[in-house]
Amino acid sequence: DRAFRVRIAGDAPLQGVLGGALTIPCHVHYLRPPPGRRAVLGSPRVKWTFLSGGREAEVLVARGLRVKVSEAYRFRVALPAYPATLTDVSLTLSELRPNDSGIYRCEVQHGIDDSSDAVEVKVKGVVFLYREGSARYAFSFARAQEACARIGARIATPEQLYAAYLGGYEQCDAGWLYPIQTPREACYGDMDGFPGVRNYGVVDPDDLYDVYCYAEDLNGELFLGAPPDKLTLEEARAYCRERGAQIATTGQLYAAWDGGLDRCSPGWLADGSVRYPIVTPSQRCGGGLPGVKTLFLFPNQTGFPDKYSRFNVYCFR
């Protein structure tokens with residue numbers, strides 16, 4: 001008979017937020033009387049692993065006070081209760097990144113017995129660059145905050161932007177800060193050719209930049225309206241109203257994309273932009289990278305389509 005079993009509590013998926021922290025609760029339940037003093041002196045071996053995209057990576061291994069943390073998780077993971085409490089081997093993961101989403105396995109070995117359990121973790125929240133259709137660098141700090149709120153989002157914090165950058169986000173546009181993975185000309189900022197999040201330091205709040213917004217919870221249903229003849233912007237608004245919904249905001253579309261929405265179909269949004277969410281990229285649908293794709297009029301990525309152009313629409317209710 002097995003001496004103990006390992007269980008992760010909570011409903012899957014466990015959810016954390018970008019840049020925040022999450023504790024995955026894992027406990028050892030003894031099926032026979034707890035081990036005596038001699039057995040306790042030989043502390044159980046605890047191993048946490050991460051599985052994503054068919055690959056398995058070690059997070060940490062601990063036995064008593066000896067803990068080995070993998071380089072990718074250094075300074076970001078801890079066992080807050082172990083070894084003071086040998087039956088609580090919960091893992092705390094901080095500075096959450098988008099690529100922390102996946103399956104986490106908690107495995108305990110004690111003597112000849114072992115047991116494990118696993119749970120899915122979803123890191124929610126997405127950072128994205130936003131600009132109005134007319135021009136780049138059009139927002140003062142106050143107008144930037146208003147712009148994010150107007151599209152159903154809020155201005156991103158430095159911690160959220162940095163977490164997005166560490167997860168692979170890259171954008172060569174100043175929005176009070178901007179993240180660069182691959183240094184290149186005209187994207188040096190204050191980093192002089194090194195990757196990182198650029199910082200112009202303290203600037204006048206009336207200076208003009210783009211803005212990085214943050215969207216997290218959808219709190220409703222976002223759906224695509226695709227009538228045969230497509231729709232002008234005003235027709236798109238009416239189409240959504242007739243179905244007990246409203247035309248979706250840009251923030252809502254980003255939140256839906258972050259939740260897995262994949263549609264190779266450009267559609268109107270409330271700000272007059274036309275966008276579509278791609279989770280599984282292809283050359284036919286937005287190029288080789290996932291993300292929310294935007295149809296701009298001009299090569300410098302400004303200008304929204306004419307309001308009399310005809311597209312599908314994204315609605316929200």
# chains A, B, ... in the order shown; residues from 1 in each chain; ligands from 1
call {"tool": "residues_around", "arguments": {"residues": "Glu235 (chain A)", "least_positions_apart": "3", "cutoff": "12 Å", "atoms": "only C-alpha atoms", "output": "ChimeraX atom specification"}}
result
/A:225-227,229-232,238-242,246-247,268-270,307-313
call {"tool": "closest_residue", "arguments": {"among": "A:Tyr162, A:Phe316, A:Phe4, A:Tyr130", "to": "Ser116 (chain A)", "atoms": "only C-alpha atoms"}}
result
A:Phe4
call {"tool": "closest_residue", "arguments": {"among": "A:Lys68, A:Arg284, A:His110, A:Arg76", "to": "Arg45 (chain A)", "atoms": "only C-alpha atoms"}}
result
A:His110
call {"tool": "closest_residue", "arguments": {"among": "A:Gly19, A:Pro299, A:Pro83, A:Pro44", "to": "Glu107 (chain A)", "atoms": "only C-alpha atoms"}}
result
A:Pro44
call {"tool": "select_by_dssp", "arguments": {"residues": "region 59-302 of chain A", "states": "helix (DSSP H, G or I)", "output": "JSON, numbers by chain"}}
result
{"A": [71, 72, 73, 98, 99, 100, 141, 142, 143, 144, 145, 146, 147, 148, 149, 150, 158, 159, 160, 161, 162, 163, 164, 165, 166, 233, 234, 235, 236, 237, 238, 239, 240, 241, 242, 250, 251, 252, 253, 254, 255, 256, 257, 258]}
call {"tool": "write_last_selection", "arguments": {"atoms": "C-alpha atoms", "output": "CSV table (one decimal), in the first residue's frame"}}
result
chain,number,residue,atom,x,y,z
A,71,GLU,CA,18.3,29.1,-13.8
A,72,ALA,CA,15.1,30.2,-15.5
A,73,TYR,CA,13.3,30.4,-12.2
A,98,PRO,CA,2.8,35.0,-20.2
A,99,ASN,CA,5.0,31.9,-20.8
A,100,ASP,CA,4.5,30.7,-17.2
A,141,PHE,CA,0.1,61.2,-19.7
A,142,ALA,CA,-3.4,62.2,-18.7
A,143,ARG,CA,-4.8,61.5,-22.2
A,144,ALA,CA,-3.0,58.2,-22.3
A,145,GLN,CA,-4.8,57.1,-19.1
A,146,GLU,CA,-8.1,58.2,-20.6
A,147,ALA,CA,-7.4,56.4,-23.9
A,148,CYS,CA,-6.8,53.1,-22.2
A,149,ALA,CA,-10.0,53.5,-20.1
A,150,ARG,CA,-11.9,54.4,-23.2
A,158,PRO,CA,6.2,49.1,-15.3
A,159,GLU,CA,6.0,45.7,-13.6
A,160,GLN,CA,3.4,44.5,-16.1
A,161,LEU,CA,5.4,45.8,-19.1
A,162,TYR,CA,8.6,44.2,-17.8
A,163,ALA,CA,6.8,40.8,-17.3
A,164,ALA,CA,5.4,41.0,-20.8
A,165,TYR,CA,8.9,41.8,-22.2
A,166,LEU,CA,10.4,38.8,-20.3
A,233,LEU,CA,-18.8,51.1,-39.0
A,234,GLU,CA,-22.3,52.4,-38.2
A,235,GLU,CA,-23.9,49.3,-39.5
A,236,ALA,CA,-21.6,47.3,-37.3
A,237,ARG,CA,-22.7,49.2,-34.2
A,238,ALA,CA,-26.4,48.5,-35.2
A,239,TYR,CA,-25.7,44.8,-35.9
A,240,CYS,CA,-24.3,44.3,-32.3
A,241,ARG,CA,-27.2,46.3,-30.7
A,242,GLU,CA,-29.8,44.1,-32.6
A,250,THR,CA,-10.0,47.1,-28.3
A,251,GLY,CA,-9.2,46.1,-24.7
A,252,GLN,CA,-12.0,43.4,-24.8
A,253,LEU,CA,-10.5,42.0,-28.0
A,254,TYR,CA,-7.0,41.8,-26.5
A,255,ALA,CA,-8.5,40.1,-23.4
A,256,ALA,CA,-10.4,37.6,-25.6
A,257,TRP,CA,-7.2,36.9,-27.6
A,258,ASP,CA,-5.3,36.3,-24.3
call {"tool": "decode", "arguments": {"residues": "region 225-239 of chain A", "atoms": "all heavy atoms", "output": "JSON list (two decimals), in the first residue's frame"}}
result
[["chain", "number", "residue", "atom", "x", "y", "z"],
["A", 225, "GLY", "N", -19.33, 38.91, -35.69],
["A", 225, "GLY", "CA", -20.47, 39.03, -36.60],
["A", 225, "GLY", "C", -19.96, 39.08, -38.03],
["A", 225, "GLY", "O", -19.14, 39.94, -38.36],
["A", 226, "ALA", "N", -20.44, 38.16, -38.87],
["A", 226, "ALA", "CA", -19.91, 38.06, -40.23],
["A", 226, "ALA", "C", -21.03, 37.91, -41.25],
["A", 226, "ALA", "O", -21.21, 36.85, -41.87],
["A", 226, "ALA", "CB", -18.94, 36.87, -40.32],
["A", 227, "PRO", "N", -21.83, 38.97, -41.47],
["A", 227, "PRO", "CA", -22.88, 38.89, -42.49],
["A", 227, "PRO", "C", -22.27, 38.84, -43.89],
["A", 227, "PRO", "O", -21.14, 39.29, -44.09],
["A", 227, "PRO", "CB", -23.68, 40.17, -42.26],
["A", 227, "PRO", "CG", -22.71, 41.12, -41.64],
["A", 227, "PRO", "CD", -21.79, 40.28, -40.79],
["A", 228, "PRO", "N", -23.02, 38.32, -44.87],
["A", 228, "PRO", "CA", -22.45, 38.13, -46.23],
["A", 228, "PRO", "C", -21.90, 39.40, -46.86],
["A", 228, "PRO", "O", -20.86, 39.37, -47.51],
["A", 228, "PRO", "CB", -23.64, 37.58, -47.02],
["A", 228, "PRO", "CG", -24.55, 36.98, -46.00],
["A", 228, "PRO", "CD", -24.39, 37.80, -44.76],
["A", 229, "ASP", "N", -22.59, 40.54, -46.68],
["A", 229, "ASP", "CA", -22.17, 41.77, -47.35],
["A", 229, "ASP", "C", -21.25, 42.63, -46.49],
["A", 229, "ASP", "O", -20.91, 43.75, -46.88],
["A", 229, "ASP", "CB", -23.40, 42.60, -47.74],
["A", 229, "ASP", "CG", -24.26, 41.88, -48.78],
["A", 229, "ASP", "OD1", -23.67, 41.10, -49.57],
["A", 229, "ASP", "OD2", -25.48, 42.08, -48.78],
["A", 230, "LYS", "N", -20.90, 42.14, -45.30],
["A", 230, "LYS", "CA", -20.07, 42.89, -44.37],
["A", 230, "LYS", "C", -20.74, 44.22, -44.00],
["A", 230, "LYS", "O", -21.88, 44.49, -44.39],
["A", 230, "LYS", "CB", -18.65, 43.05, -44.89],
["A", 230, "LYS", "CG", -17.95, 41.70, -45.12],
["A", 230, "LYS", "CD", -16.48, 41.86, -45.29],
["A", 230, "LYS", "CE", -15.71, 40.57, -45.39],
["A", 230, "LYS", "NZ", -16.36, 39.30, -45.28],
["A", 231, "LEU", "N", -20.03, 45.07, -43.25],
["A", 231, "LEU", "CA", -20.70, 46.20, -42.62],
["A", 231, "LEU", "C", -19.82, 47.45, -42.61],
["A", 231, "LEU", "O", -18.60, 47.36, -42.46],
["A", 231, "LEU", "CB", -21.04, 45.86, -41.15],
["A", 231, "LEU", "CG", -21.87, 44.60, -40.91],
["A", 231, "LEU", "CD1", -21.65, 44.09, -39.50],
["A", 231, "LEU", "CD2", -23.35, 44.90, -41.15],
["A", 232, "THR", "N", -20.48, 48.63, -42.74],
["A", 232, "THR", "CA", -19.78, 49.87, -42.42],
["A", 232, "THR", "C", -19.70, 49.98, -40.89],
["A", 232, "THR", "O", -20.28, 49.17, -40.17],
["A", 232, "THR", "CB", -20.55, 51.08, -42.97],
["A", 232, "THR", "OG1", -21.81, 51.19, -42.27],
["A", 232, "THR", "CG2", -20.79, 50.95, -44.47],
["A", 233, "LEU", "N", -18.99, 50.99, -40.41],
["A", 233, "LEU", "CA", -18.84, 51.15, -38.96],
["A", 233, "LEU", "C", -20.19, 51.34, -38.28],
["A", 233, "LEU", "O", -20.48, 50.68, -37.27],
["A", 233, "LEU", "CB", -17.91, 52.32, -38.65],
["A", 233, "LEU", "CG", -17.70, 52.63, -37.16],
["A", 233, "LEU", "CD1", -17.18, 51.40, -36.41],
["A", 233, "LEU", "CD2", -16.73, 53.81, -36.98],
["A", 234, "GLU", "N", -21.04, 52.22, -38.80],
["A", 234, "GLU", "CA", -22.35, 52.44, -38.17],
["A", 234, "GLU", "C", -23.23, 51.20, -38.28],
["A", 234, "GLU", "O", -23.98, 50.88, -37.35],
["A", 234, "GLU", "CB", -23.03, 53.66, -38.79],
["A", 234, "GLU", "CG", -22.44, 54.98, -38.32],
["A", 234, "GLU", "CD", -22.35, 55.08, -36.80],
["A", 234, "GLU", "OE1", -23.38, 54.82, -36.12],
["A", 234, "GLU", "OE2", -21.25, 55.36, -36.29],
["A", 235, "GLU", "N", -23.18, 50.52, -39.41],
["A", 235, "GLU", "CA", -23.93, 49.28, -39.54],
["A", 235, "GLU", "C", -23.43, 48.23, -38.55],
["A", 235, "GLU", "O", -24.22, 47.44, -38.02],
["A", 235, "GLU", "CB", -23.81, 48.75, -40.97],
["A", 235, "GLU", "CG", -24.57, 49.58, -42.00],
["A", 235, "GLU", "CD", -24.26, 49.17, -43.43],
["A", 235, "GLU", "OE1", -23.29, 48.40, -43.64],
["A", 235, "GLU", "OE2", -24.99, 49.60, -44.35],
["A", 236, "ALA", "N", -22.14, 48.24, -38.28],
["A", 236, "ALA", "CA", -21.57, 47.29, -37.33],
["A", 236, "ALA", "C", -22.10, 47.55, -35.92],
["A", 236, "ALA", "O", -22.44, 46.61, -35.18],
["A", 236, "ALA", "CB", -20.05, 47.39, -37.35],
["A", 237, "ARG", "N", -22.19, 48.82, -35.54],
["A", 237, "ARG", "CA", -22.73, 49.16, -34.22],
["A", 237, "ARG", "C", -24.18, 48.68, -34.11],
["A", 237, "ARG", "O", -24.59, 48.10, -33.09],
["A", 237, "ARG", "CB", -22.65, 50.66, -33.98],
["A", 237, "ARG", "CG", -21.25, 51.23, -33.93],
["A", 237, "ARG", "CD", -21.26, 52.73, -33.58],
["A", 237, "ARG", "NE", -19.98, 53.35, -33.84],
["A", 237, "ARG", "CZ", -18.94, 53.33, -33.02],
["A", 237, "ARG", "NH1", -19.04, 52.69, -31.86],
["A", 237, "ARG", "NH2", -17.81, 53.94, -33.33],
["A", 238, "ALA", "N", -24.96, 48.93, -35.16],
["A", 238, "ALA", "CA", -26.37, 48.51, -35.16],
["A", 238, "ALA", "C", -26.50, 46.99, -35.13],
["A", 238, "ALA", "O", -27.37, 46.43, -34.44],
["A", 238, "ALA", "CB", -27.08, 49.08, -36.38],
["A", 239, "TYR", "N", -25.64, 46.31, -35.86],
["A", 239, "TYR", "CA", -25.65, 44.83, -35.89],
["A", 239, "TYR", "C", -25.49, 44.27, -34.48],
["A", 239, "TYR", "O", -26.22, 43.35, -34.08],
["A", 239, "TYR", "CB", -24.52, 44.35, -36.81],
["A", 239, "TYR", "CG", -24.38, 42.85, -36.91],
["A", 239, "TYR", "CD1", -24.97, 42.14, -37.95],
["A", 239, "TYR", "CD2", -23.63, 42.13, -35.97],
["A", 239, "TYR", "CE1", -24.83, 40.76, -38.07],
["A", 239, "TYR", "CE2", -23.49, 40.76, -36.07],
["A", 239, "TYR", "CZ", -24.09, 40.08, -37.11],
["A", 239, "TYR", "OH", -23.96, 38.72, -37.21]]
